[in-house]
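Student: Below you'll find start-v2.cif; it's mmCIF, C-alpha atoms (C1' of nucleotides).
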data_start
loop_
_atom_site.group_PDB
_atom_site.id
_atom_site.type_symbol
_atom_site.label_atom_id
_atom_site.label_comp_id
_atom_site.auth_asym_id
_atom_site.auth_seq_id
_atom_site.Cartn_x
_atom_site.Cartn_y
_atom_site.Cartn_z
ATOM 1 C CA MET A 1 68.044 52.398 -35.452
ATOM 2 C CA LYS A 2 68.879 50.895 -38.811
ATOM 3 C CA ILE A 3 69.194 47.105 -38.907
ATOM 4 C CA ALA A 4 70.294 45.283 -42.046
ATOM 5 C CA THR A 5 70.588 41.736 -43.323
ATOM 6 C CA TRP A 6 72.773 40.849 -46.294
ATOM 7 C CA ASN A 7 73.903 37.522 -47.697
ATOM 8 C CA ILE A 8 77.293 38.674 -48.860
ATOM 9 C CA ASN A 9 78.322 35.445 -50.643
ATOM 10 C CA GLY A 10 81.946 35.401 -49.482
ATOM 11 C CA VAL A 11 83.195 38.258 -47.304
ATOM 12 C CA LYS A 12 86.764 38.033 -48.608
ATOM 13 C CA ALA A 13 85.616 38.325 -52.210
ATOM 14 C CA ARG A 14 83.229 41.149 -51.226
ATOM 15 C CA ILE A 15 85.286 43.265 -48.835
ATOM 16 C CA GLU A 16 85.411 46.304 -51.136
ATOM 17 C CA ASN A 17 81.654 46.200 -51.713
ATOM 18 C CA LEU A 18 81.042 45.658 -48.008
ATOM 19 C CA CYS A 19 83.139 48.660 -46.960
ATOM 20 C CA GLN A 20 81.519 50.876 -49.594
ATOM 21 C CA TRP A 21 78.081 49.794 -48.456
ATOM 22 C CA LEU A 22 78.872 50.391 -44.773
ATOM 23 C CA LYS A 23 80.043 53.903 -45.626
ATOM 24 C CA ASP A 24 77.004 54.640 -47.827
ATOM 25 C CA SER A 25 74.255 52.997 -45.824
ATOM 26 C CA SER A 26 75.697 53.273 -42.311
ATOM 27 C CA PRO A 27 73.562 50.590 -40.635
ATOM 28 C CA ASP A 28 73.669 50.453 -36.840
ATOM 29 C CA ILE A 29 73.610 46.671 -36.954
ATOM 30 C CA ALA A 30 74.390 44.489 -39.986
ATOM 31 C CA CYS A 31 73.754 40.746 -40.122
ATOM 32 C CA LEU A 32 75.874 39.013 -42.755
ATOM 33 C CA GLN A 33 75.421 35.490 -44.097
ATOM 34 C CA GLU A 34 77.605 33.203 -46.172
ATOM 35 C CA ILE A 35 80.839 34.793 -45.038
ATOM 36 C CA LYS A 36 82.523 31.578 -46.286
ATOM 37 C CA THR A 37 85.517 31.841 -44.000
ATOM 38 C CA VAL A 38 86.758 30.739 -40.619
ATOM 39 C CA ASP A 39 86.775 33.436 -37.912
ATOM 40 C CA GLU A 40 90.524 34.020 -38.334
ATOM 41 C CA GLY A 41 90.065 34.736 -42.044
ATOM 42 C CA PHE A 42 87.424 37.436 -41.560
ATOM 43 C CA PRO A 43 88.713 40.853 -42.735
ATOM 44 C CA ARG A 44 87.909 42.493 -39.436
ATOM 45 C CA LEU A 45 90.526 45.261 -39.511
ATOM 46 C CA GLU A 46 88.984 46.942 -42.567
ATOM 47 C CA ILE A 47 85.554 46.876 -40.927
ATOM 48 C CA GLU A 48 86.753 47.969 -37.501
ATOM 49 C CA ALA A 49 88.454 50.915 -39.234
ATOM 50 C CA LEU A 50 84.960 52.061 -40.249
ATOM 51 C CA GLY A 51 83.854 52.098 -36.623
ATOM 52 C CA TYR A 52 82.176 48.696 -36.398
ATOM 53 C CA HIS A 53 82.426 46.018 -33.783
ATOM 54 C CA VAL A 54 82.750 42.567 -35.408
ATOM 55 C CA GLU A 55 81.373 39.246 -34.140
ATOM 56 C CA THR A 56 81.695 36.167 -36.324
ATOM 57 C CA HIS A 57 80.592 32.552 -36.393
ATOM 58 C CA GLY A 58 82.637 31.205 -39.260
ATOM 59 C CA GLN A 59 83.191 27.910 -41.033
ATOM 60 C CA LYS A 60 85.719 26.743 -43.575
ATOM 61 C CA GLY A 61 84.593 27.279 -47.149
ATOM 62 C CA PHE A 62 80.822 27.474 -46.734
ATOM 63 C CA ASN A 63 78.108 29.056 -44.609
ATOM 64 C CA GLY A 64 79.225 31.311 -41.759
ATOM 65 C CA VAL A 65 77.469 34.364 -40.289
ATOM 66 C CA ALA A 66 78.591 37.641 -38.718
ATOM 67 C CA ILE A 67 77.084 40.593 -36.882
ATOM 68 C CA LEU A 68 78.621 44.040 -37.322
ATOM 69 C CA SER A 69 77.498 46.814 -34.999
ATOM 70 C CA LYS A 70 78.356 50.390 -34.151
ATOM 71 C CA VAL A 71 77.888 49.534 -30.473
ATOM 72 C CA LYS A 72 79.412 46.466 -28.884
ATOM 73 C CA PRO A 73 76.834 43.813 -27.927
ATOM 74 C CA ASP A 74 76.473 42.845 -24.258
ATOM 75 C CA GLU A 75 76.435 39.153 -25.141
ATOM 76 C CA VAL A 76 76.814 36.927 -28.172
ATOM 77 C CA THR A 77 75.840 33.282 -28.601
ATOM 78 C CA ARG A 78 76.610 31.026 -31.537
ATOM 79 C CA GLY A 79 74.615 28.149 -32.994
ATOM 80 C CA LEU A 80 70.881 27.367 -33.113
ATOM 81 C CA PRO A 81 69.777 25.211 -30.157
ATOM 82 C CA GLY A 82 68.157 21.845 -30.698
ATOM 83 C CA ASP A 83 70.798 19.695 -32.391
ATOM 84 C CA ASP A 84 74.230 19.366 -30.813
ATOM 85 C CA GLY A 85 75.391 17.347 -33.826
ATOM 86 C CA ASP A 86 74.776 20.180 -36.293
ATOM 87 C CA GLU A 87 78.210 21.383 -37.440
ATOM 88 C CA GLN A 88 76.985 24.055 -39.864
ATOM 89 C CA ALA A 89 77.630 27.687 -38.866
ATOM 90 C CA ARG A 90 74.278 29.262 -39.673
ATOM 91 C CA PHE A 91 73.100 31.126 -36.590
ATOM 92 C CA MET A 92 74.201 33.653 -34.000
ATOM 93 C CA GLU A 93 72.468 35.988 -31.575
ATOM 94 C CA ALA A 94 73.625 39.310 -30.150
ATOM 95 C CA VAL A 95 72.006 41.276 -27.335
ATOM 96 C CA PHE A 96 72.294 45.060 -27.291
ATOM 97 C CA SER A 97 71.301 47.651 -24.706
ATOM 98 C CA ILE A 98 68.997 50.370 -26.000
ATOM 99 C CA GLU A 99 69.093 53.424 -23.774
ATOM 100 C CA GLY A 100 65.825 53.645 -21.895
ATOM 101 C CA HIS A 101 64.404 50.536 -23.580
ATOM 102 C CA GLY A 102 66.283 47.578 -22.158
ATOM 103 C CA ALA A 103 67.498 44.821 -24.438
ATOM 104 C CA LEU A 104 67.330 44.417 -28.213
ATOM 105 C CA ARG A 105 68.012 40.910 -29.476
ATOM 106 C CA VAL A 106 69.274 40.460 -33.014
ATOM 107 C CA CYS A 107 69.601 36.981 -34.493
ATOM 108 C CA CYS A 108 71.530 36.474 -37.724
ATOM 109 C CA LEU A 109 70.456 33.334 -39.548
ATOM 110 C CA TYR A 110 71.327 31.511 -42.744
ATOM 111 C CA LEU A 111 68.550 29.012 -43.235
ATOM 112 C CA PRO A 112 69.496 25.912 -45.247
ATOM 113 C CA ASN A 113 68.671 25.981 -48.957
ATOM 114 C CA GLY A 114 67.202 22.470 -48.958
ATOM 115 C CA ASN A 115 67.819 21.530 -52.598
ATOM 116 C CA PRO A 116 67.817 18.953 -54.071
ATOM 117 C CA ILE A 117 64.560 18.054 -52.335
ATOM 118 C CA ASP A 118 64.970 14.273 -52.763
ATOM 119 C CA THR A 119 68.151 14.260 -50.667
ATOM 120 C CA GLU A 120 68.823 14.612 -46.954
ATOM 121 C CA LYS A 121 69.117 18.362 -47.519
ATOM 122 C CA TYR A 122 65.391 19.025 -47.514
ATOM 123 C CA PRO A 123 64.625 17.210 -44.246
ATOM 124 C CA TYR A 124 67.604 19.085 -42.755
ATOM 125 C CA LYS A 125 66.006 22.376 -43.850
ATOM 126 C CA LEU A 126 62.626 21.475 -42.353
ATOM 127 C CA ALA A 127 64.232 20.271 -39.113
ATOM 128 C CA TRP A 128 66.223 23.524 -38.942
ATOM 129 C CA MET A 129 63.009 25.528 -39.403
ATOM 130 C CA GLU A 130 61.390 23.558 -36.602
ATOM 131 C CA ARG A 131 64.372 24.321 -34.342
ATOM 132 C CA LEU A 132 64.030 28.004 -35.299
ATOM 133 C CA ARG A 133 60.316 27.932 -34.448
ATOM 134 C CA LYS A 134 61.050 26.487 -31.015
ATOM 135 C CA PHE A 135 63.807 29.031 -30.425
ATOM 136 C CA ALA A 136 61.570 31.896 -31.546
ATOM 137 C CA GLY A 137 58.751 30.726 -29.292
ATOM 138 C CA ASP A 138 61.080 30.587 -26.301
ATOM 139 C CA ARG A 139 62.415 34.066 -27.038
ATOM 140 C CA LEU A 140 58.909 35.544 -27.325
ATOM 141 C CA ALA A 141 58.367 34.785 -23.661
ATOM 142 C CA LEU A 142 60.987 37.438 -22.857
ATOM 143 C CA GLU A 143 58.640 40.100 -24.263
ATOM 144 C CA GLU A 144 61.594 42.020 -25.709
ATOM 145 C CA PRO A 145 62.187 43.513 -29.139
ATOM 146 C CA ILE A 146 63.680 40.629 -31.130
ATOM 147 C CA ILE A 147 64.711 40.589 -34.773
ATOM 148 C CA LEU A 148 65.283 37.339 -36.625
ATOM 149 C CA ALA A 149 67.192 38.614 -39.652
ATOM 150 C CA GLY A 150 68.723 36.657 -42.434
ATOM 151 C CA ASP A 151 68.644 34.619 -45.588
ATOM 152 C CA TYR A 152 65.617 32.397 -44.988
ATOM 153 C CA ASN A 153 65.771 30.653 -48.351
ATOM 154 C CA VAL A 154 61.976 30.920 -48.296
ATOM 155 C CA ILE A 155 59.758 32.574 -50.925
ATOM 156 C CA PRO A 156 56.773 33.355 -48.687
ATOM 157 C CA GLU A 157 54.127 34.018 -51.353
ATOM 158 C CA PRO A 158 53.737 33.634 -55.139
ATOM 159 C CA HIS A 159 54.182 37.372 -55.682
ATOM 160 C CA ASP A 160 57.581 37.148 -53.990
ATOM 161 C CA CYS A 161 59.066 35.605 -57.143
ATOM 162 C CA PHE A 162 58.968 36.479 -60.825
ATOM 163 C CA ASP A 163 57.386 33.202 -61.929
ATOM 164 C CA PRO A 164 55.867 30.832 -59.326
ATOM 165 C CA LYS A 165 55.761 27.970 -61.836
ATOM 166 C CA VAL A 166 59.553 27.912 -61.995
ATOM 167 C CA TRP A 167 59.743 27.448 -58.207
ATOM 168 C CA GLU A 168 56.848 24.996 -57.817
ATOM 169 C CA ASN A 169 59.015 22.012 -56.857
ATOM 170 C CA ASP A 170 61.871 23.932 -55.300
ATOM 171 C CA ALA A 171 62.843 23.722 -51.633
ATOM 172 C CA LEU A 172 62.430 27.512 -51.372
ATOM 173 C CA PHE A 173 58.752 27.424 -52.315
ATOM 174 C CA LEU A 174 57.315 23.999 -51.486
ATOM 175 C CA PRO A 175 54.091 24.109 -49.421
ATOM 176 C CA GLN A 176 55.873 22.596 -46.397
ATOM 177 C CA THR A 177 58.536 25.300 -46.556
ATOM 178 C CA ARG A 178 56.005 28.096 -46.773
ATOM 179 C CA ARG A 179 53.949 26.551 -43.983
ATOM 180 C CA ALA A 180 56.968 26.468 -41.692
ATOM 181 C CA PHE A 181 57.585 30.149 -42.471
ATOM 182 C CA ARG A 182 53.951 31.007 -41.736
ATOM 183 C CA GLN A 183 54.267 29.226 -38.401
ATOM 184 C CA LEU A 184 56.796 31.886 -37.403
ATOM 185 C CA GLU A 185 54.267 34.559 -38.341
ATOM 186 C CA HIS A 186 51.537 32.768 -36.402
ATOM 187 C CA LEU A 187 53.740 32.791 -33.322
ATOM 188 C CA GLY A 188 53.630 36.570 -33.546
ATOM 189 C CA PHE A 189 56.558 37.526 -35.785
ATOM 190 C CA THR A 190 56.051 40.178 -38.463
ATOM 191 C CA ASP A 191 57.704 40.197 -41.899
ATOM 192 C CA ALA A 192 59.033 43.770 -41.772
ATOM 193 C CA VAL A 193 59.041 44.398 -45.526
ATOM 194 C CA ARG A 194 55.504 43.095 -46.026
ATOM 195 C CA ALA A 195 54.278 45.133 -43.067
ATOM 196 C CA THR A 196 55.364 48.323 -44.813
ATOM 197 C CA THR A 197 54.505 47.742 -48.483
ATOM 198 C CA ASP A 198 52.174 45.838 -50.793
ATOM 199 C CA ALA A 199 54.491 46.368 -53.754
ATOM 200 C CA VAL A 200 55.086 43.394 -56.037
ATOM 201 C CA LYS A 201 58.285 42.510 -57.909
ATOM 202 C CA LEU A 202 60.153 43.297 -54.718
ATOM 203 C CA TYR A 203 63.156 40.982 -54.614
ATOM 204 C CA SER A 204 66.329 40.465 -52.586
ATOM 205 C CA PHE A 205 68.124 37.867 -54.760
ATOM 206 C CA TRP A 206 68.874 37.629 -58.470
ATOM 207 C CA ASP A 207 70.786 34.646 -59.835
ATOM 208 C CA TYR A 208 74.122 35.303 -61.501
ATOM 209 C CA GLN A 209 72.954 33.191 -64.442
ATOM 210 C CA ALA A 210 70.709 33.731 -67.425
ATOM 211 C CA GLY A 211 70.518 37.504 -67.178
ATOM 212 C CA ALA A 212 68.324 37.291 -64.094
ATOM 213 C CA TRP A 213 69.315 40.765 -62.836
ATOM 214 C CA PRO A 214 68.727 42.777 -66.045
ATOM 215 C CA LYS A 215 65.433 40.925 -66.553
ATOM 216 C CA ASN A 216 64.456 41.458 -62.878
ATOM 217 C CA ASN A 217 63.918 37.715 -62.495
ATOM 218 C CA GLY A 218 64.388 37.802 -58.744
ATOM 219 C CA ILE A 219 63.025 36.272 -55.570
ATOM 220 C CA ARG A 220 62.409 37.728 -52.102
ATOM 221 C CA ILE A 221 64.084 35.374 -49.628
ATOM 222 C CA ASP A 222 65.953 37.671 -47.206
ATOM 223 C CA HIS A 223 63.698 38.680 -44.342
ATOM 224 C CA LEU A 224 63.605 40.569 -41.063
ATOM 225 C CA MET A 225 61.062 38.964 -38.742
ATOM 226 C CA LEU A 226 60.064 41.127 -35.792
ATOM 227 C CA SER A 227 58.661 40.194 -32.400
ATOM 228 C CA PRO A 228 55.612 42.278 -31.367
ATOM 229 C CA GLU A 229 57.839 44.547 -29.265
ATOM 230 C CA ALA A 230 60.068 45.165 -32.298
ATOM 231 C CA ALA A 231 57.190 45.450 -34.775
ATOM 232 C CA ASP A 232 55.693 48.191 -32.582
ATOM 233 C CA ARG A 233 58.859 50.188 -33.328
ATOM 234 C CA LEU A 234 58.930 49.537 -37.078
ATOM 235 C CA ALA A 235 59.121 52.842 -38.948
ATOM 236 C CA ALA A 236 60.252 51.889 -42.459
ATOM 237 C CA THR A 237 61.997 49.261 -44.569
ATOM 238 C CA ALA A 238 64.213 49.353 -47.627
ATOM 239 C CA ILE A 239 65.709 46.937 -50.113
ATOM 240 C CA GLU A 240 69.004 48.391 -51.299
ATOM 241 C CA LYS A 241 68.903 46.864 -54.751
ATOM 242 C CA HIS A 242 71.329 49.351 -56.303
ATOM 243 C CA VAL A 243 74.102 47.270 -54.692
ATOM 244 C CA ARG A 244 73.277 44.429 -57.114
ATOM 245 C CA ALA A 245 74.447 46.614 -60.022
ATOM 246 C CA TRP A 246 77.907 47.220 -58.526
ATOM 247 C CA GLU A 247 81.046 45.555 -59.863
ATOM 248 C CA LYS A 248 81.513 42.020 -58.559
ATOM 249 C CA PRO A 249 78.214 41.954 -56.641
ATOM 250 C CA SER A 250 76.761 39.400 -54.273
ATOM 251 C CA ASP A 251 73.680 37.737 -55.740
ATOM 252 C CA HIS A 252 71.735 39.062 -52.708
ATOM 253 C CA VAL A 253 71.194 42.696 -51.688
ATOM 254 C CA PRO A 254 70.851 44.289 -48.229
ATOM 255 C CA VAL A 255 67.376 44.454 -46.698
ATOM 256 C CA ILE A 256 66.819 47.099 -44.015
ATOM 257 C CA ALA A 257 64.404 47.754 -41.168
ATOM 258 C CA HIS A 258 64.317 51.080 -39.346
ATOM 259 C CA LEU A 259 63.177 50.791 -35.741
ATOM 260 C CA ASP A 260 62.287 53.926 -33.818
ATOM 261 C CA PHE A 261 63.283 53.822 -30.151
ATOM 262 C CA SER A 262 63.130 57.608 -29.711
ATOM 263 C CA SER A 263 60.041 57.632 -27.516
ATOM 264 C "C1'" DA B 1 66.894 28.619 -65.604
ATOM 265 C "C1'" DT B 2 66.553 21.096 -64.056
ATOM 266 C "C1'" DG B 3 71.124 26.059 -65.032
ATOM 267 C "C1'" DG B 4 73.787 30.111 -69.101
ATOM 268 C "C1'" DC B 5 77.598 32.229 -63.023
ATOM 269 C "C1'" DT B 6 80.417 32.654 -58.821
ATOM 270 C "C1'" DA B 7 83.329 31.451 -54.492
ATOM 271 C "C1'" DG B 8 86.278 28.506 -52.113
ATOM 272 C "C1'" DG B 9 89.326 24.574 -51.504
ATOM 273 C "C1'" DA B 10 92.061 21.747 -53.441
ATOM 274 C "C1'" DA B 11 94.502 21.392 -57.154
ATOM 275 C "C1'" DT B 12 94.131 22.516 -63.034
ATOM 276 C "C1'" DC B 13 88.163 20.155 -61.209
ATOM 277 C "C1'" DC B 14 84.940 19.646 -57.630
ATOM 278 C "C1'" DT B 15 80.993 21.101 -54.353
ATOM 279 C "C1'" DA B 16 77.579 24.371 -53.204
ATOM 280 C "C1'" DG B 17 74.491 27.872 -54.007
ATOM 281 C "C1'" DA B 18 68.956 29.127 -55.182
#
Let me see the structure of the file written as C-alpha cells.
Tutor:
Amino acid sequence: MKIATWNINGVKARIENLCQWLKDSSPDIACLQEIKTVDEGFPRLEIEALGYHVETHGQKGFNGVAILSKVKPDEVTRGLPGDDGDEQARFMEAVFSIEGHGALRVCCLYLPNGNPIDTEKYPYKLAWMERLRKFAGDRLALEEPIILAGDYNVIPEPHDCFDPKVWENDALFLPQTRRAFRQLEHLGFTDAVRATTDAVKLYSFWDYQAGAWPKNNGIRIDHLMLSPEAADRLAATAIEKHVRAWEKPSDHVPVIAHLDFSS
DNA sequence: ATGGCTAGGAATCCTAGA
C-alpha cells in the first residue's frame, strides 16, 4: 500500500504533472495540498480517467486539499475540529477498508505557514497545531492505523534544512513550532521518513527563487506521521525529488510511505 | 534568500507562499 503526500501548488496549473506522476508512481492513496480551487473547479475527469476516486475540500484561490484513491473511501470528513469559525480549507480525513485489517484512516493536512511571525498568522498556526494534537490524541484511542499526511510547514530538526541560521526566526523553525511537532511524536506518532533513514540533505521543498533547486537549498516540511498501528506496517519511504526537475514544477515534491498489510 | 519566482483573482497589480 503506497500512500503519498504532495503539495501541488495549484492543481489546475499542475494537472499535466499530476497525471504524469499518477501514471509513473501509481500511489494507492494520494493526499494533495494547496489545490487552490473550489471543488467545482477541480479537474476530476482527467484523474478519474486514470482510475482514481476523487474527494476534495476546496477553497477559492488559496489552500484546499484533496484525497485521490484507487479504492473509494467508506467515509470522508472535511475540516479540523476545534474551531467552527475557521474558514480555511486545510484538512480532510478519509477512512478506507483494508481487507482483513479493518479500517485505515488517512488525514490530508495543510498546516498554516505562520509567517510573518509578528502577525496574527503565527498564533493561528500554533492554535491549529494544538487542534491537530487534540484530534490526533482522540484518534489514537481507536487503536487503528492512522496516517496524518501533509504539508506541515515544520522543519523538525536543524539537519532538515540546508542552513538553520537562515530559518532561525521563521515560523517553520521557531522553537515553539518544533515543540508542537514533537508533541505529536510524543503522543505516539512516527515520522515515517525519519524512521527509515538517517540521511541528511533530504528535502521535500525547494523555493522557486534564488536557484534553490540547483543548489539543493531545500527544506523537509512534508511529512507522513504514523500511529503505532500504521508504523508497525511501515516498510519503506521515498521522496520523489525527480518531479522537481520537470517542466513547470510545484515547489514541493511527493513524499511516500509504503505500508505492508500483506500479513 | 528579509526574497531573485509562481499561482490565482481581479484586473494590467495585489496577496500569499516558505
Student: Taking only C-alpha atoms (C1' of nucleotides) into account, find every residue of chain B that has an atom no more than 9 Å from chain A, and write it out as a compact mmCIF listing (two decimals) with C-alpha atoms (C1' of nucleotides), in the frame of the given file.
Tutor:
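The resulting result20.txt:
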# COMPACT_ATOMS: atom_id res chain seq x y z
C1' DA B 1 66.89 28.62 -65.60
C1' DG B 3 71.12 26.06 -65.03
C1' DG B 4 73.79 30.11 -69.10
C1' DC B 5 77.60 32.23 -63.02
C1' DT B 6 80.42 32.65 -58.82
C1' DA B 7 83.33 31.45 -54.49
C1' DG B 8 86.28 28.51 -52.11
C1' DG B 9 89.33 24.57 -51.50
C1' DA B 16 77.58 24.37 -53.20
C1' DG B 17 74.49 27.87 -54.01
C1' DA B 18 68.96 29.13 -55.18
Student: I'd like the residues picked by the PyMOL selection byres ((chain A and resi 68) around 6) written out as a PyMOL selection string, using the chain letters and numbers from the file.
Tutor: chain A and resi 29-30+52-54+67+69
Student: Mind checking which residues fall within 12 Å of Lys70 of chain A, counting only C-alpha atoms (C1' of nucleotides), ignoring those fewer than 5 positions away in the same chain, and posting them as JSON, numbers by chain?
Tutor: {"A": [1, 2, 3, 22, 26, 27, 28, 29, 30, 47, 48, 49, 50, 51, 52, 53, 54, 55, 96]}
Student: Nearest to Ser263 of chain A: which of A:Glu87, A:Asp232, A:Asp163, A:Glu143 is it, counting all atoms listed in the file?
Tutor: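 Using all atoms listed in the file, Ser263 of chain A sits closest to A:Asp232.
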Student: Just the residues within 12 Å of Ala127 of chain A, please, counting all atoms listed in the file, with nothing from its chain fewer than 6 positions along; format it as a PyMOL selection string.
Tutor: chain A and resi 80-83+86+111-112+114+120-121+133-134+176-177+180
Student: Got time to write the residues from that selection, C-alpha atoms, as an mmCIF file, keeping the file's coordinate frame?
Tutor:
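Now in selection-v5.cif:
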data_model
loop_
_atom_site.group_PDB
_atom_site.id
_atom_site.type_symbol
_atom_site.label_atom_id
_atom_site.label_comp_id
_atom_site.auth_asym_id
_atom_site.auth_seq_id
_atom_site.Cartn_x
_atom_site.Cartn_y
_atom_site.Cartn_z
ATOM 1 C CA LEU A 80 70.881 27.367 -33.113
ATOM 2 C CA PRO A 81 69.777 25.211 -30.157
ATOM 3 C CA GLY A 82 68.157 21.845 -30.698
ATOM 4 C CA ASP A 83 70.798 19.695 -32.391
ATOM 5 C CA ASP A 86 74.776 20.180 -36.293
ATOM 6 C CA LEU A 111 68.550 29.012 -43.235
ATOM 7 C CA PRO A 112 69.496 25.912 -45.247
ATOM 8 C CA GLY A 114 67.202 22.470 -48.958
ATOM 9 C CA GLU A 120 68.823 14.612 -46.954
ATOM 10 C CA LYS A 121 69.117 18.362 -47.519
ATOM 11 C CA ARG A 133 60.316 27.932 -34.448
ATOM 12 C CA LYS A 134 61.050 26.487 -31.015
ATOM 13 C CA GLN A 176 55.873 22.596 -46.397
ATOM 14 C CA THR A 177 58.536 25.300 -46.556
ATOM 15 C CA ALA A 180 56.968 26.468 -41.692
#
Student: One number please: atom CA of Cys107 of chain A to atom CA of Ala236 of chain A, in Å, one decimal.
Tutor: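 These two atoms are separated by 19.3 Å.
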Student: I need the residue nearest Glu99 of chain A from this list: A:Trp21, A:Pro175, A:Ala231, A:Val71. Use all atoms listed in the file for the distance.
Tutor: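 Closest to Glu99 of chain A of all the choices is A:Val71.
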Student: To one decimal place in Å, what is the distance between atom CA of Arg139 of chain A and atom CA of Ser25 of chain A?
Tutor: 29.2 Å
Student: To one decimal place in Å, what is the distance between atom CA of Phe42 of chain A and atom CA of Asn17 of chain A?
Tutor: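 A separation of 14.6 Å between them.
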Student: Skipping near chain neighbours, those fewer than 4 positions away, what residues fall within 12 Å of Tyr203 of chain A using only C-alpha atoms (C1' of nucleotides), listed as a PyMOL selection string?
Tutor: chain A and resi 154-162+193-194+199+207+212-213+216-223+238-242+244+251-255
Student: For those residues, write C-alpha atoms to a file as a CSV table (one decimal), in the coordinates of the input.
Tutor:
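Here's the written file out-v7.csv:
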chain,number,residue,atom,x,y,z
A,154,VAL,CA,62.0,30.9,-48.3
A,155,ILE,CA,59.8,32.6,-50.9
A,156,PRO,CA,56.8,33.4,-48.7
A,157,GLU,CA,54.1,34.0,-51.4
A,158,PRO,CA,53.7,33.6,-55.1
A,159,HIS,CA,54.2,37.4,-55.7
A,160,ASP,CA,57.6,37.1,-54.0
A,161,CYS,CA,59.1,35.6,-57.1
A,162,PHE,CA,59.0,36.5,-60.8
A,193,VAL,CA,59.0,44.4,-45.5
A,194,ARG,CA,55.5,43.1,-46.0
A,199,ALA,CA,54.5,46.4,-53.8
A,207,ASP,CA,70.8,34.6,-59.8
A,212,ALA,CA,68.3,37.3,-64.1
A,213,TRP,CA,69.3,40.8,-62.8
A,216,ASN,CA,64.5,41.5,-62.9
A,217,ASN,CA,63.9,37.7,-62.5
A,218,GLY,CA,64.4,37.8,-58.7
A,219,ILE,CA,63.0,36.3,-55.6
A,220,ARG,CA,62.4,37.7,-52.1
A,221,ILE,CA,64.1,35.4,-49.6
A,222,ASP,CA,66.0,37.7,-47.2
A,223,HIS,CA,63.7,38.7,-44.3
A,238,ALA,CA,64.2,49.4,-47.6
A,239,ILE,CA,65.7,46.9,-50.1
A,240,GLU,CA,69.0,48.4,-51.3
A,241,LYS,CA,68.9,46.9,-54.8
A,242,HIS,CA,71.3,49.4,-56.3
A,244,ARG,CA,73.3,44.4,-57.1
A,251,ASP,CA,73.7,37.7,-55.7
A,252,HIS,CA,71.7,39.1,-52.7
A,253,VAL,CA,71.2,42.7,-51.7
A,254,PRO,CA,70.9,44.3,-48.2
A,255,VAL,CA,67.4,44.5,-46.7
Student: Rank nothing, just name the residue among A:Val76, A:Ile98, A:Ala89, A:Ile146 nearest to Gly58 of chain A, using only C-alpha atoms.
Tutor: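 Using only C-alpha atoms, Gly58 of chain A sits closest to A:Ala89.
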Student: Which residues are close to segment 224-228 of chain A, i.e. within 10 Å by only C-alpha atoms (C1' of nucleotides), leaving aside same-chain residues fewer than 5 positions away? Reply as number ranges by chain.
Tutor: A: 3-5, 105-108, 136-137, 139-140, 143-152, 184-185, 187-194, 233-234, 237, 255-257
Student: First collect every listed atom of segment 7-12 of chain B; then fit an axis-aligned box around them, widen it by 4 Å on each side, and give centre and edge lengths in Å to one decimal, as AutoDock Vina command-line options.
Tutor:
--center_x 88.9 --center_y 26.4 --center_z -57.3 --size_x 19.2 --size_y 18.1 --size_z 19.5
